[in-house]
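Below is structure.cif, holding mmCIF, C-alpha atoms.
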data_query
#
loop_
_atom_site.label_atom_id
_atom_site.label_comp_id
_atom_site.auth_asym_id
_atom_site.auth_seq_id
_atom_site.Cartn_x
_atom_site.Cartn_y
_atom_site.Cartn_z
CA MET A 38 0.00 0.00 0.00
CA ARG A 39 1.36 3.44 -0.92
CA LEU A 40 1.46 6.49 1.26
CA SER A 41 -1.07 9.30 0.97
CA THR A 42 -0.41 11.69 -1.91
CA SER A 43 -1.85 14.76 -0.20
CA ILE A 44 0.44 17.80 -0.13
CA ARG A 45 0.00 21.31 1.14
CA TYR A 46 0.34 24.66 -0.51
CA THR A 47 -0.36 28.14 0.79
CA PRO A 48 -1.55 30.94 -1.52
CA ASN A 49 0.55 34.06 -1.35
CA SER A 50 -0.43 37.36 -2.95
CA SER A 51 3.02 38.93 -2.85
CA LEU A 52 3.87 38.19 -6.49
CA SER A 53 1.11 40.38 -7.86
CA PRO A 54 -1.97 42.19 -6.54
CA ARG A 55 -4.14 39.84 -8.58
CA LEU A 56 -2.26 36.56 -8.32
CA SER A 57 -2.61 34.19 -5.39
CA SER A 58 0.52 32.04 -5.63
CA LEU A 59 1.19 28.57 -4.32
CA SER A 60 4.38 27.40 -2.62
CA TYR A 61 6.95 25.82 -4.89
CA PRO A 62 9.94 23.50 -4.86
CA SER A 63 13.50 24.64 -4.22
CA SER A 64 15.34 27.22 -6.30
CA SER A 65 16.66 24.48 -8.55
CA SER A 66 13.22 24.04 -10.13
CA PRO A 67 12.63 25.00 -13.80
CA PHE A 68 9.88 27.35 -12.63
CA GLN A 69 12.23 29.55 -10.63
CA ARG A 70 15.00 29.44 -13.23
CA ASN A 71 12.56 30.67 -15.89
CA PHE A 72 10.71 33.27 -13.81
CA VAL A 73 12.37 36.37 -15.28
CA SER A 74 12.21 35.29 -18.90
CA MET A 75 8.53 34.31 -18.66
CA THR A 76 7.31 37.49 -17.07
CA SER A 77 9.32 39.82 -19.25
CA VAL A 78 8.96 38.29 -22.70
CA PHE A 79 5.38 37.03 -22.87
CA PRO A 80 3.90 37.46 -26.35
CA GLY A 81 1.71 40.52 -26.66
CA ASN A 82 -0.04 39.92 -29.97
CA SER A 83 -3.08 37.97 -28.83
CA ILE A 84 -6.41 39.12 -30.20
CA SER A 85 -9.42 39.61 -27.95
CA ASP A 86 -12.05 36.89 -27.57
CA GLY A 87 -14.22 36.21 -30.57
CA LYS A 88 -12.08 38.15 -33.03
CA ARG A 89 -9.71 35.46 -34.18
CA ASN A 90 -10.38 33.85 -37.54
CA LEU A 91 -10.45 30.24 -36.34
CA SER A 92 -11.20 27.34 -38.65
CA ILE A 93 -12.46 23.89 -37.72
CA VAL A 94 -10.50 21.13 -39.45
CA SER A 95 -12.05 17.72 -39.88
CA ARG A 96 -10.48 14.62 -38.35
CA SER A 97 -9.57 13.27 -41.79
CA LYS A 98 -7.59 16.41 -42.55
CA ALA A 99 -5.99 16.33 -39.14
CA ASN A 100 -4.47 12.99 -40.10
CA ASP A 101 -2.90 14.43 -43.26
CA GLU A 102 0.63 15.55 -42.49
CA SER A 103 0.38 18.23 -45.19
CA GLN A 104 -2.27 20.05 -43.13
CA ASP A 105 0.11 20.81 -40.24
CA SER A 106 0.84 24.46 -39.62
CA SER A 107 4.38 25.70 -39.11
CA PHE A 108 5.74 26.82 -35.76
CA GLN A 109 5.53 30.55 -35.11
CA GLY A 110 7.66 32.53 -32.66
CA GLY A 111 10.50 31.36 -30.43
CA GLU A 112 10.38 27.62 -29.90
CA SER A 113 12.78 27.64 -26.94
CA PHE A 114 10.64 30.24 -25.15
CA PHE A 115 7.46 28.28 -25.85
CA ARG A 116 8.96 25.07 -24.49
CA ARG A 117 10.23 26.84 -21.38
CA VAL A 118 6.70 28.04 -20.64
CA LEU A 119 5.40 24.48 -21.10
CA ALA A 120 8.21 23.23 -18.84
CA SER A 121 7.16 25.68 -16.13
CA MET A 122 3.55 24.52 -16.40
CA GLU A 123 4.78 20.94 -16.12
CA SER A 124 7.01 21.76 -13.13
CA VAL A 125 4.09 23.21 -11.17
CA TYR A 126 1.93 20.23 -12.17
CA LEU A 127 4.50 17.67 -11.01
CA HIS A 128 5.18 19.50 -7.75
CA ARG A 129 1.50 19.45 -6.79
CA ASN A 130 0.77 15.93 -8.03
CA PRO A 131 3.16 13.32 -6.62
CA THR A 132 1.27 10.46 -8.28
CA ALA A 133 1.94 11.88 -11.74
CA LYS A 134 5.58 12.57 -10.87
CA THR A 135 6.17 9.05 -9.56
CA ILE A 136 4.39 7.35 -12.47
CA LEU A 137 6.46 9.30 -15.00
CA GLU A 138 9.61 8.20 -13.16
CA LEU A 139 8.43 4.57 -13.09
CA VAL A 140 7.63 4.50 -16.81
CA ARG A 141 10.93 6.21 -17.63
CA SER A 142 12.79 3.58 -15.62
CA VAL A 143 11.27 0.86 -17.82
CA ASN A 144 11.38 2.76 -21.08
CA ASP A 145 14.88 4.27 -20.93
CA ASP A 146 13.52 7.79 -20.41
CA GLN A 147 11.69 7.93 -23.74
CA ILE A 148 8.29 9.49 -22.95
CA SER A 149 6.20 11.68 -25.25
CA TYR A 150 3.06 13.56 -24.27
CA ASP A 151 -0.06 12.91 -26.30
CA HIS A 152 -1.82 16.00 -24.98
CA VAL A 153 -2.02 18.53 -22.16
CA ALA A 154 -5.42 19.61 -20.77
CA PHE A 155 -6.86 22.70 -19.07
CA ARG A 156 -10.23 23.65 -17.56
CA THR A 157 -11.87 27.08 -17.74
CA PHE A 158 -14.98 29.09 -16.85
CA GLY A 159 -17.00 30.04 -19.93
CA VAL A 160 -17.87 33.57 -18.79
CA ASN A 161 -16.41 37.08 -18.87
CA GLY A 162 -13.72 36.04 -21.35
CA TYR A 163 -12.38 33.28 -19.06
CA GLY A 164 -13.34 30.39 -21.32
CA ILE A 165 -11.45 28.32 -23.87
CA ASP A 166 -10.13 31.30 -25.82
CA SER A 167 -8.31 32.73 -22.80
CA MET A 168 -5.92 29.78 -22.74
CA ALA A 169 -6.09 28.90 -26.44
CA ASN A 170 -4.73 32.28 -27.54
CA PHE A 171 -1.28 31.44 -26.21
CA PHE A 172 -1.08 28.21 -28.22
CA LEU A 173 -2.58 29.76 -31.34
CA ASP A 174 0.11 32.47 -31.20
CA PHE A 175 2.74 29.74 -31.58
CA GLY A 176 1.17 27.94 -34.53
CA TYR A 177 -1.36 25.54 -33.01
CA THR A 178 -4.50 24.88 -35.09
CA GLN A 179 -8.04 24.60 -33.74
CA ARG A 180 -9.75 21.30 -34.51
CA GLU A 181 -13.08 19.78 -33.44
CA GLU A 182 -15.48 20.86 -30.73
CA LEU A 183 -16.79 18.30 -28.26
CA LYS A 184 -20.02 18.79 -26.28
CA PHE A 185 -20.97 17.32 -22.90
CA PRO A 186 -24.57 18.44 -22.24
CA ALA A 187 -25.04 16.51 -18.99
CA LYS A 188 -21.94 18.13 -17.50
CA LYS A 189 -22.71 21.55 -19.02
CA LEU A 190 -19.32 21.53 -20.71
CA LYS A 191 -17.82 21.97 -24.12
CA ALA A 192 -14.23 21.52 -25.29
CA LEU A 193 -11.95 22.20 -28.22
CA TRP A 194 -8.71 20.49 -29.08
CA PHE A 195 -5.75 21.99 -30.88
CA SER A 196 -3.13 20.24 -32.99
CA PRO A 197 0.52 21.25 -32.67
CA PRO A 198 2.52 22.92 -35.42
CA SER A 199 4.94 20.91 -37.50
CA ILE A 200 8.54 21.07 -36.33
CA PRO A 201 11.54 18.93 -37.31
CA ILE A 202 12.07 16.65 -34.31
CA SER A 203 12.46 12.95 -33.70
CA ASP A 204 9.41 10.99 -32.58
CA ASP A 205 11.59 9.66 -29.77
CA GLY A 206 11.47 12.85 -27.74
CA ARG A 207 11.33 13.28 -24.01
CA GLY A 208 8.31 14.91 -22.42
CA ILE A 209 8.04 18.64 -23.02
CA ASN A 210 11.24 18.56 -25.09
CA GLY A 211 9.87 15.90 -27.43
CA PRO A 212 7.13 16.14 -30.07
CA LEU A 213 4.77 18.97 -29.16
CA PRO A 214 1.57 17.70 -27.54
CA ARG A 215 -1.99 18.27 -28.63
CA VAL A 216 -3.88 20.67 -26.35
CA PHE A 217 -7.37 19.95 -24.97
CA ILE A 218 -9.22 22.89 -23.37
CA SER A 219 -12.68 22.63 -21.88
CA GLU A 220 -15.02 25.22 -20.41
CA LEU A 221 -17.99 25.24 -18.08
CA LEU A 222 -21.12 26.69 -19.73
CA VAL A 223 -21.74 29.09 -16.87
CA ASP A 224 -24.97 30.48 -18.31
CA GLN A 225 -26.53 27.04 -17.87
CA MET A 226 -25.74 26.92 -14.17
CA SER A 227 -28.09 27.98 -11.36
CA PRO A 228 -28.29 31.71 -10.54
CA GLN A 229 -26.37 31.07 -7.30
CA ALA A 230 -23.52 29.28 -9.07
CA GLN A 231 -23.38 31.93 -11.79
CA GLU A 232 -23.13 34.66 -9.17
CA ILE A 233 -20.21 32.93 -7.44
CA ILE A 234 -18.27 32.33 -10.64
CA ARG A 235 -18.86 35.84 -11.95
CA LYS A 236 -17.76 37.29 -8.63
CA TYR A 237 -14.32 35.70 -8.85
CA THR A 238 -13.77 36.33 -12.55
CA GLU A 239 -14.70 39.99 -12.02
CA ILE A 240 -12.28 40.21 -9.07
CA SER A 241 -9.61 38.88 -11.43
CA GLY A 242 -10.11 41.81 -13.81
CA GLY A 243 -7.89 41.20 -16.85
CA GLY A 244 -6.42 37.98 -15.49
CA ASN A 245 -7.89 36.06 -18.42
CA LYS A 246 -5.33 37.78 -20.67
CA HIS A 247 -2.57 36.03 -18.74
CA ALA A 248 -3.91 32.48 -18.55
CA ALA A 249 -0.69 30.83 -19.71
CA LEU A 250 1.35 32.94 -17.29
CA ALA A 251 -0.96 31.97 -14.41
CA SER A 252 -0.54 28.30 -15.32
CA ALA A 253 3.25 28.62 -15.55
CA LEU A 254 3.37 30.37 -12.15
CA GLY A 255 0.89 28.00 -10.53
CA SER A 256 -1.29 30.96 -9.52
CA LEU A 257 -4.95 31.81 -9.39
CA THR A 258 -5.83 35.02 -11.19
CA TRP A 259 -8.55 35.71 -8.61
CA GLU A 260 -8.26 35.93 -4.83
CA LYS A 261 -8.52 32.83 -2.65
CA PRO A 262 -12.17 31.71 -2.56
CA LEU A 263 -14.44 31.20 0.42
CA TYR A 264 -14.97 27.61 1.47
CA SER A 265 -18.73 28.17 1.37
CA ASP A 266 -18.46 29.19 -2.30
CA PHE A 267 -16.43 26.07 -3.07
CA GLN A 268 -19.04 23.91 -1.34
CA GLN A 269 -21.90 25.55 -3.23
CA LEU A 270 -20.24 24.94 -6.58
CA ALA A 271 -19.27 21.37 -5.66
CA ARG A 272 -22.91 20.52 -4.97
CA GLU A 273 -23.82 21.57 -8.51
CA SER A 274 -20.69 20.89 -10.56
CA GLU A 275 -17.49 19.23 -9.38
CA TYR A 276 -15.84 20.67 -12.50
CA ALA A 277 -16.77 24.20 -11.35
CA ALA A 278 -15.43 23.60 -7.83
CA TRP A 279 -12.18 22.18 -9.25
CA THR A 280 -11.68 25.21 -11.48
CA LEU A 281 -12.38 27.63 -8.64
CA VAL A 282 -9.43 26.34 -6.59
CA ASN A 283 -7.09 25.26 -9.42
CA GLY A 284 -7.71 27.96 -12.01
CA TYR A 285 -5.60 27.58 -15.16
CA ALA A 286 -3.37 24.86 -13.68
CA VAL A 287 -2.65 21.86 -15.91
CA ASN A 288 -5.54 19.46 -15.35
CA HIS A 289 -3.60 16.50 -16.72
CA VAL A 290 -0.83 15.45 -19.05
CA THR A 291 -1.12 12.28 -21.11
CA ILE A 292 1.59 9.73 -21.81
CA SER A 293 1.55 8.59 -25.44
CA ALA A 294 1.57 4.82 -24.89
CA HIS A 295 2.20 3.80 -28.51
CA ARG A 296 5.36 5.91 -28.58
CA LEU A 297 6.93 3.96 -25.73
CA LYS A 298 9.60 1.43 -26.67
CA SER A 299 9.03 -1.24 -24.04
CA HIS A 300 6.14 -3.66 -23.56
CA LEU A 301 4.27 -0.76 -21.92
CA ARG A 302 3.45 0.59 -25.39
CA ASN A 303 0.35 -1.61 -25.14
CA ILE A 304 -2.03 0.39 -22.93
CA LYS A 305 -3.41 -2.73 -21.25
CA SER A 306 0.12 -3.64 -20.14
CA LEU A 307 0.66 -0.04 -19.04
CA ASN A 308 -2.56 -0.07 -16.98
CA GLN A 309 -1.52 -3.34 -15.33
CA PHE A 310 1.91 -1.90 -14.55
CA ILE A 311 0.36 1.21 -12.95
CA GLU A 312 -2.07 -0.79 -10.81
CA GLU A 313 0.59 -3.28 -9.73
CA SER A 314 2.69 -0.30 -8.65
CA GLY A 315 -0.08 0.59 -6.19
CA TYR A 316 -1.94 3.35 -8.02
CA LYS A 317 -5.67 3.65 -8.53
CA LEU A 318 -7.07 4.09 -12.04
CA ASN A 319 -10.33 5.84 -12.88
CA SER A 320 -12.91 3.05 -13.14
CA ASP A 321 -15.83 5.13 -14.45
CA GLY A 322 -17.12 3.34 -17.53
CA GLY A 323 -14.37 0.75 -17.04
CA VAL A 324 -10.65 1.32 -16.57
CA LEU A 325 -10.03 1.28 -20.35
CA LYS A 326 -12.03 3.83 -22.34
CA VAL A 327 -12.42 2.81 -26.00
CA SER A 328 -13.77 4.98 -28.84
CA PRO A 329 -16.61 3.57 -30.99
CA ASP A 330 -14.16 2.95 -33.86
CA GLY A 331 -11.89 1.04 -31.49
CA LEU A 332 -8.84 3.12 -32.44
CA LEU A 333 -8.49 5.47 -29.45
CA LEU A 334 -7.77 3.79 -26.11
CA GLN A 335 -7.49 5.88 -22.93
CA SER A 336 -7.17 5.49 -19.17
CA SER A 337 -6.20 7.73 -16.27
CA THR A 338 -5.32 7.74 -12.61
CA VAL A 339 -7.53 9.24 -9.94
CA ALA A 340 -6.53 12.81 -9.04
CA ASP A 341 -4.27 13.62 -6.13
CA SER A 342 -5.61 15.85 -3.34
CA VAL A 343 -4.06 18.97 -1.84
CA SER A 344 -4.71 20.83 1.38
CA PHE A 345 -6.17 24.20 0.38
CA HIS A 346 -6.34 27.24 2.67
CA PHE A 347 -9.56 29.12 1.93
CA SER A 348 -9.90 32.86 2.54
CA ASP A 349 -12.25 32.38 5.50
CA GLY A 350 -9.60 30.41 7.41
CA VAL A 351 -10.89 26.94 6.55
CA THR A 352 -8.36 24.34 5.40
CA GLU A 353 -9.76 21.40 3.47
CA SER A 354 -8.55 18.74 1.08
CA VAL A 355 -9.51 19.45 -2.55
CA PRO A 356 -8.90 17.50 -5.77
CA CYS A 357 -5.88 18.49 -7.83
CA SER A 358 -4.73 16.84 -11.07
CA TYR A 359 -4.06 13.39 -12.53
CA ILE A 360 -2.15 11.66 -15.32
CA GLU A 361 -3.67 10.03 -18.38
CA PHE A 362 -2.53 7.38 -20.86
CA ALA A 363 -3.52 7.14 -24.52
CA GLU A 364 -2.86 4.63 -27.29
CA ARG A 365 -3.74 5.69 -30.83
CA LEU A 366 -4.00 2.75 -33.20
CA ILE A 367 -3.03 2.80 -36.87
CA LEU A 368 -5.80 3.89 -39.25
CA PRO A 369 -7.18 1.10 -41.49
CA GLN A 370 -5.78 2.62 -44.67
CA TYR A 371 -2.25 2.43 -43.25
CA LYS A 372 -2.44 -0.98 -41.55
CA ASN A 373 -0.01 -2.57 -44.03
CA LEU A 374 2.74 -0.02 -43.47
CA PRO A 375 5.98 -1.44 -42.02
CA GLU A 376 6.14 -0.57 -38.32
CA LYS A 377 9.28 1.54 -38.77
CA GLU A 378 7.50 3.74 -41.30
CA VAL A 379 4.44 4.51 -39.13
CA LYS A 380 4.24 8.15 -38.07
CA GLU A 381 1.81 9.91 -35.75
CA PHE A 382 -0.37 11.10 -38.64
CA HIS A 383 -0.92 7.47 -39.67
CA ARG A 384 -2.71 6.91 -36.37
CA ARG A 385 -6.16 7.80 -35.09
CA ASP A 386 -6.25 11.51 -34.26
CA GLY A 387 -8.64 13.70 -32.29
CA PHE A 388 -10.73 12.92 -29.23
CA GLU A 389 -13.97 11.13 -28.42
CA VAL A 390 -16.85 12.50 -26.34
CA GLY A 391 -17.59 9.15 -24.70
CA ASN A 392 -13.98 8.64 -23.61
CA ALA A 393 -13.48 12.24 -22.46
CA ASP A 394 -16.74 12.23 -20.49
CA LYS A 395 -15.43 9.38 -18.35
CA ILE A 396 -11.90 10.82 -18.06
CA PHE A 397 -13.43 14.01 -16.57
CA GLU A 398 -14.49 11.85 -13.61
CA SER A 399 -10.86 11.46 -12.52
CA THR A 400 -11.35 14.46 -10.22
CA SER A 401 -14.79 13.42 -8.94
CA LYS A 402 -15.52 12.64 -5.31
CA ASP A 403 -16.79 9.18 -6.26
CA GLN A 404 -13.44 8.26 -7.80
CA LEU A 405 -11.34 9.93 -5.10
CA THR A 406 -13.12 8.04 -2.32
CA ARG A 407 -13.38 4.71 -4.14
CA LYS A 408 -11.19 1.99 -2.66
CA ALA A 409 -8.59 0.50 -4.97
CA ALA A 410 -9.52 -2.87 -6.46
#
Translate the structure of the given file into structure tokens.
Amino acid sequence: MRLSTSIRYTPNSSLSPRLSSLSYPSSSSPFQRNFVSMTSVFPGNSISDGKRNLSIVSRSKANDESQDSSFQGGESFFRRVLASMESVYLHRNPTAKTILELVRSVNDDQISYDHVAFRTFGVNGYGIDSMANFFLDFGYTQREELKFPAKKLKALWFSPPSIPISDDGRGINGPLPRVFISELLVDQMSPQAQEIIRKYTEISGGGNKHAALASALGSLTWEKPLYSDFQQLARESEYAAWTLVNGYAVNHVTISAHRLKSHLRNIKSLNQFIEESGYKLNSDGGVLKVSPDGLLLQSSTVADSVSFHFSDGVTESVPCSYIEFAERLILPQYKNLPEKEVKEFHRRDGFEVGNADKIFESTSKDQLTRKAA
């Protein structure tokens, strides 16, 4: 049996009047090494919500390598921002950190990320666009929209730009990941929930313009919430409560199983390895989530918890983030390709509503309190 993965962080408003910061690892962390460069060189060409000319690209086109956009801006800067987001994520989520280390130990350190995910509030400019603008500025392309009516959510995913790099990359320094950003449809919530969410986004002012910075710093753009507000949102939407206390933090990163070199490249073997190492996988809809076409296989751990200090003096455990695993199988038209010739665009691309709906449950109370099998 493994030890509890709860950790503690204490918001601190000293970095900025509008940022409530969490505690971080020692000065040797990538976050602290990159602090000056991130705050002083952030791109300033983002266009306000609703005014970008965004195009939806079909899944078939997404699989065509010729459709990839080219990278825009400074790649080293972009990767350093992603590394800072990852550093905060790993510091807060010991399960994810340990699992990455375990898989690396088996796979000779060759791990690629399939995608990185964020959650947002769809109100006052704090929705998908607030985080997407950063990635669009560096050449990402918007793809399909996914809708989750029962959860009052929608999501968009974004494909990375084409850059010359080996498929055998390592984490953030490897092939650029897809990006999955969801938002709560706040207008569909109860008047009480809407009032709470609008209160904090209004307190934040223009914080939505700095979503990527907030994620890289591990900071809320609004002030610490009241515990009573967190409880009210949790009763209506666990997604809303999660976003209130985690803000723009990375919700999860996803290991690309089929890019691994060991036997763990089969997601069923990877799941078995994770469970035998003492970690609990999200069982909602079954441990393995399979798309209707059978070509996208996904699973995830249950989120870690952190001790959060609310503004009214209450300290309670709240859900943080988790780690996901994805195996994308080869598309039927490419099934006869020699294995050494198979590239990412020969595999199933995109996301699936049914799979994602169950993966969302990784931060739910039901999964957090469920006993391991």
Closest pair table for stretch 128-227 of chain A residues within 9 Å of stretch 305-318 of chain A, only C-alpha atoms, as JSON lines:
{"residue": "A:Thr132", "atom": "CA", "partner": "A:Tyr316", "partner_atom": "CA", "distance": 7.8}
{"residue": "A:Ile136", "atom": "CA", "partner": "A:Ile311", "partner_atom": "CA", "distance": 7.4}
{"residue": "A:Leu139", "atom": "CA", "partner": "A:Ser314", "partner_atom": "CA", "distance": 8.7}
{"residue": "A:Val140", "atom": "CA", "partner": "A:Leu307", "partner_atom": "CA", "distance": 8.6}
A:Ser142 surroundings by all atoms listed in the file, 12 Å radius, close-in-sequence under 5 positions cut, as JSON, numbers by chain | {"A": [135, 136, 137, 147, 148, 297, 298, 299, 301]}
I need the chosen residues saved as a compact mmCIF listing (two decimals), keeping the file's coordinate frame, with C-alpha atoms.
# COMPACT_ATOMS: atom_id res chain seq x y z
CA THR A 135 6.17 9.05 -9.56
CA ILE A 136 4.39 7.35 -12.47
CA LEU A 137 6.46 9.30 -15.00
CA GLN A 147 11.69 7.93 -23.74
CA ILE A 148 8.29 9.49 -22.95
CA LEU A 297 6.93 3.96 -25.73
CA LYS A 298 9.60 1.43 -26.67
CA SER A 299 9.03 -1.24 -24.04
CA LEU A 301 4.27 -0.76 -21.92
Expansion of the PyMOL selection byres ((chain A and resi 223-238) around 10) into residues, as a PyMOL selection string = chain A and resi 158-164+186+189-190+220-222+239-245+258-263+266-267+269-274+277-278+280-281
Would you write out those residues with C-alpha atoms, as a tab-separated table (two decimals), keeping the file's coordinate frame?
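Wrote it out as result.tsv, contents follow:
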chain	number	residue	atom	x	y	z
A	158	PHE	CA	-14.98	29.09	-16.85
A	159	GLY	CA	-17.00	30.04	-19.93
A	160	VAL	CA	-17.87	33.57	-18.79
A	161	ASN	CA	-16.41	37.08	-18.87
A	162	GLY	CA	-13.72	36.04	-21.35
A	163	TYR	CA	-12.38	33.28	-19.06
A	164	GLY	CA	-13.34	30.39	-21.32
A	186	PRO	CA	-24.57	18.44	-22.24
A	189	LYS	CA	-22.71	21.55	-19.02
A	190	LEU	CA	-19.32	21.53	-20.71
A	220	GLU	CA	-15.02	25.22	-20.41
A	221	LEU	CA	-17.99	25.24	-18.08
A	222	LEU	CA	-21.12	26.69	-19.73
A	239	GLU	CA	-14.70	39.99	-12.02
A	240	ILE	CA	-12.28	40.21	-9.07
A	241	SER	CA	-9.61	38.88	-11.43
A	242	GLY	CA	-10.11	41.81	-13.81
A	243	GLY	CA	-7.89	41.20	-16.85
A	244	GLY	CA	-6.42	37.98	-15.49
A	245	ASN	CA	-7.89	36.06	-18.42
A	258	THR	CA	-5.83	35.02	-11.19
A	259	TRP	CA	-8.55	35.71	-8.61
A	260	GLU	CA	-8.26	35.93	-4.83
A	261	LYS	CA	-8.52	32.83	-2.65
A	262	PRO	CA	-12.17	31.71	-2.56
A	263	LEU	CA	-14.44	31.20	0.42
A	266	ASP	CA	-18.46	29.19	-2.30
A	267	PHE	CA	-16.43	26.07	-3.07
A	269	GLN	CA	-21.90	25.55	-3.23
A	270	LEU	CA	-20.24	24.94	-6.58
A	271	ALA	CA	-19.27	21.37	-5.66
A	272	ARG	CA	-22.91	20.52	-4.97
A	273	GLU	CA	-23.82	21.57	-8.51
A	274	SER	CA	-20.69	20.89	-10.56
A	277	ALA	CA	-16.77	24.20	-11.35
A	278	ALA	CA	-15.43	23.60	-7.83
A	280	THR	CA	-11.68	25.21	-11.48
A	281	LEU	CA	-12.38	27.63	-8.64
Applied to this file, what does the PyMOL selection byres ((chain A and resi 219) around 8) return in terms of residues, put as a PDB file with C-alpha atoms, keeping the file's coordinate frame?
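Done, and the output landed in selection-v7.pdb:
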ATOM      1  CA  ALA A 154      -5.420  19.610 -20.770  1.00  0.00           C
ATOM      2  CA  PHE A 155      -6.860  22.700 -19.070  1.00  0.00           C
ATOM      3  CA  ARG A 156     -10.230  23.650 -17.560  1.00  0.00           C
ATOM      4  CA  THR A 157     -11.870  27.080 -17.740  1.00  0.00           C
ATOM      5  CA  GLY A 164     -13.340  30.390 -21.320  1.00  0.00           C
ATOM      6  CA  ILE A 165     -11.450  28.320 -23.870  1.00  0.00           C
ATOM      7  CA  LEU A 190     -19.320  21.530 -20.710  1.00  0.00           C
ATOM      8  CA  LYS A 191     -17.820  21.970 -24.120  1.00  0.00           C
ATOM      9  CA  ALA A 192     -14.230  21.520 -25.290  1.00  0.00           C
ATOM     10  CA  LEU A 193     -11.950  22.200 -28.220  1.00  0.00           C
ATOM     11  CA  PHE A 217      -7.370  19.950 -24.970  1.00  0.00           C
ATOM     12  CA  ILE A 218      -9.220  22.890 -23.370  1.00  0.00           C
ATOM     13  CA  GLU A 220     -15.020  25.220 -20.410  1.00  0.00           C
ATOM     14  CA  LEU A 221     -17.990  25.240 -18.080  1.00  0.00           C
TER      15      LEU A 221
END
State, in Å with one decimal place, the distance from atom CA of A:Tyr150 to atom CA of A:Pro212.
-> 7.5 Å
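Minimum atom-to-atom distances from A:Phe172, A:Tyr276, A:Phe397, A:Phe115 to A:Gln335 were compared using only C-alpha atoms, and the lowest value belongs to A:Phe397.
Applied to the file shown here, the PyMOL selection byres ((chain A and resi 196) around 9) selects the residues Ala99, Asp105, Ser106, Gly176, Tyr177, Thr178, Gln179, Arg180, Trp194, Phe195, Pro197, Pro198, Leu213, Pro214, Arg215, Val216 and Gly387 of chain A.
Considering only C-alpha atoms, the residue among A:Thr400, A:Leu374, A:Lys134, A:Ser336 positioned nearest to A:Asn283 is A:Thr400.
The set of protein, DNA and RNA residues with any counted atom at most 6 Å from (-3.3, 10.3, -8.2) (only C-alpha atoms) reads Thr132, Thr338, Val339, Ala340, Asp341 and Tyr359 of chain A.
If all atoms listed in the file are the atoms counted, then among A:Asn144, A:Ser199, A:Ser121, A:Asn373 the closest residue to A:Arg296 is A:Asn144.
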Atom pair atom CA of A:Glu112 + atom CA of A:Val143, distance 29.4 Å
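Between atom CA of A:Phe114 and atom CA of A:Ser293 the separation is 23.5 Å.
Nearest residue to A:Gly322, choosing from A:Ser265, A:Ser344, A:Asn392, A:Ser252 and counting all atoms listed in the file: A:Asn392.
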Any idea what's packed within 9 Å of A:Ile304, counting only C-alpha atoms, ignoring anything in its chain fewer than 5 positions away? Could you give it as a ChimeraX atom specification?
-> /A:294-295,309,325,334-336,362-364
Identify the residues around (-7.8, 18.2, -7.2) within a radius of 9 Å, measuring from only C-alpha atoms in the coordinates stated by the file, and give them as a VMD selection string.
-> chain A and resid 130 279 282 to 283 288 340 to 343 354 to 359 400 to 401
Nearest residue to A:Ala253 from the set A:Leu332, A:Ala286, A:Met168, A:Ile367 (distances using all atoms listed in the file) | A:Ala286
Contacts of A:Met122 within 9 Å, all atoms listed in the file, excl. fewer than 4 positions in-chain, as a CSV table (one decimal) with C-alpha atoms, keeping the file's coordinate frame:
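Just written: selection-v5.csv:
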chain,number,residue,atom,x,y,z
A,68,PHE,CA,9.9,27.4,-12.6
A,117,ARG,CA,10.2,26.8,-21.4
A,118,VAL,CA,6.7,28.0,-20.6
A,126,TYR,CA,1.9,20.2,-12.2
A,127,LEU,CA,4.5,17.7,-11.0
A,249,ALA,CA,-0.7,30.8,-19.7
A,250,LEU,CA,1.4,32.9,-17.3
A,251,ALA,CA,-1.0,32.0,-14.4
A,252,SER,CA,-0.5,28.3,-15.3
A,253,ALA,CA,3.2,28.6,-15.6
A,254,LEU,CA,3.4,30.4,-12.2
A,255,GLY,CA,0.9,28.0,-10.5
A,286,ALA,CA,-3.4,24.9,-13.7
A,287,VAL,CA,-2.6,21.9,-15.9
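The shortest atom-to-atom distance to A:Glu123, with all atoms listed in the file taken into account, belongs to A:Val153 out of A:Phe382, A:Thr352, A:Glu389, A:Val153.
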